[in-house]
Amino acid sequence: MAIDPNFDQNRERVGEEDGVAVWGPVEPPEKLGIHGTHVAVDYDICLADGACLENCPVDVFTWVDTPDHPVSELKVEPTNEDQCIDCMLCVDICPVDAIDVDASRQA
Ligand code: SF4
């Protein structure tokens, strides 16, 4: 299952973490929702592969701990999503399609 590219219409914005919007449902530790708006990461799909974080040319991502999440205990937060240059590298490289980038969605 890939991230829903229409999450901003299909989900409710329930809060903010590290300055990044969080889209529900959120029921920790099992369900953590989607983090980010312009650059969005589905935390419930992310398996902490790290290719996005290592290869993003403008260092959008940072690691965060997600203890007891069933998929992985680390996730990438799009902390610097306002710096994204829409190269789409992270979208293409993610092995589980957990990331969506859309310039029309602004944080
Ligand atoms: S689209 Fe490119 S610049 Fe934007 S977060 Fe992904 S890798 Fe970084």
# chains A, B, ... in the order shown; residues from 1 in each chain; ligands from 1
call {"tool": "residues_near_ligand", "arguments": {"ligand": "ligand 1", "cutoff": "9 Å", "atoms": "only C-alpha atoms and all ligand atoms", "output": "MDAnalysis selection string"}}
result
chainID A and resid 38:40 52:53 55:61 78 80:93 99:102
call {"tool": "residues_around", "arguments": {"residues": "A:Gln9", "least_positions_apart": "4", "cutoff": "12 Å", "atoms": "only C-alpha atoms", "output": "PyMOL selection string"}}
result
chain A and resi 4-5+13+23-24+37+105
call {"tool": "write_last_selection", "arguments": {"atoms": "N, CA, C and O atoms", "output": "PDB file, in the first residue's frame"}}
result
ATOM      1  N   ASP A   4      -1.438   7.764   0.302  1.00  0.00           N
ATOM      2  CA  ASP A   4      -2.562   8.344  -0.438  1.00  0.00           C
ATOM      3  C   ASP A   4      -2.172   9.760  -0.886  1.00  0.00           C
ATOM      4  O   ASP A   4      -1.985  10.648  -0.057  1.00  0.00           O
ATOM      5  N   PRO A   5      -2.056  10.007  -2.206  1.00  0.00           N
ATOM      6  CA  PRO A   5      -1.648  11.337  -2.675  1.00  0.00           C
ATOM      7  C   PRO A   5      -2.703  12.415  -2.397  1.00  0.00           C
ATOM      8  O   PRO A   5      -2.407  13.604  -2.486  1.00  0.00           O
ATOM      9  N   ARG A  13      -6.284  17.034   9.528  1.00  0.00           N
ATOM     10  CA  ARG A  13      -5.049  17.507  10.160  1.00  0.00           C
ATOM     11  C   ARG A  13      -5.273  17.539  11.669  1.00  0.00           C
ATOM     12  O   ARG A  13      -6.152  18.259  12.158  1.00  0.00           O
ATOM     13  N   TRP A  23      -1.342  14.336   9.926  1.00  0.00           N
ATOM     14  CA  TRP A  23      -2.675  14.017   9.401  1.00  0.00           C
ATOM     15  C   TRP A  23      -3.079  12.656   9.937  1.00  0.00           C
ATOM     16  O   TRP A  23      -2.361  11.672   9.759  1.00  0.00           O
ATOM     17  N   GLY A  24      -4.217  12.593  10.606  1.00  0.00           N
ATOM     18  CA  GLY A  24      -4.648  11.392  11.297  1.00  0.00           C
ATOM     19  C   GLY A  24      -5.156  10.299  10.375  1.00  0.00           C
ATOM     20  O   GLY A  24      -5.152  10.468   9.155  1.00  0.00           O
ATOM     21  N   THR A  37       3.279  18.179   4.589  1.00  0.00           N
ATOM     22  CA  THR A  37       2.230  18.627   3.680  1.00  0.00           C
ATOM     23  C   THR A  37       2.772  18.698   2.250  1.00  0.00           C
ATOM     24  O   THR A  37       2.356  17.948   1.382  1.00  0.00           O
ATOM     25  N   ARG A 105       0.703  21.584  -2.686  1.00  0.00           N
ATOM     26  CA  ARG A 105       0.379  21.515  -1.256  1.00  0.00           C
ATOM     27  C   ARG A 105       1.467  22.249  -0.487  1.00  0.00           C
ATOM     28  O   ARG A 105       2.622  21.849  -0.506  1.00  0.00           O
TER      29      ARG A 105
END
call {"tool": "atom_distance", "arguments": {"atom1": "atom CA of A:Ser72", "atom2": "atom CA of A:Asn10"}}
result
24.5 Å
call {"tool": "atom_distance", "arguments": {"atom1": "atom CA of A:Asp65", "atom2": "atom CA of A:Arg11"}}
result
23.4 Å
call {"tool": "closest_residue", "arguments": {"among": "A:Glu77, A:Asp68, A:Glu16, A:Asp8", "to": "A:Tyr43", "atoms": "only C-alpha atoms"}}
result
A:Glu77
call {"tool": "closest_residue", "arguments": {"among": "A:Thr62, A:Asp18, A:Ile34, A:Ile3", "to": "A:Gly50", "atoms": "only C-alpha atoms"}}
result
A:Thr62
call {"tool": "closest_residue", "arguments": {"among": "A:Ile45, A:Cys94, A:Asn6, A:Thr79", "to": "A:Lys31", "atoms": "only C-alpha atoms"}}
result
A:Ile45
call {"tool": "closest_residue", "arguments": {"among": "A:Val20, A:Val96, A:Leu47, A:Val14", "to": "A:Thr66", "atoms": "only C-alpha atoms"}}
result
A:Leu47
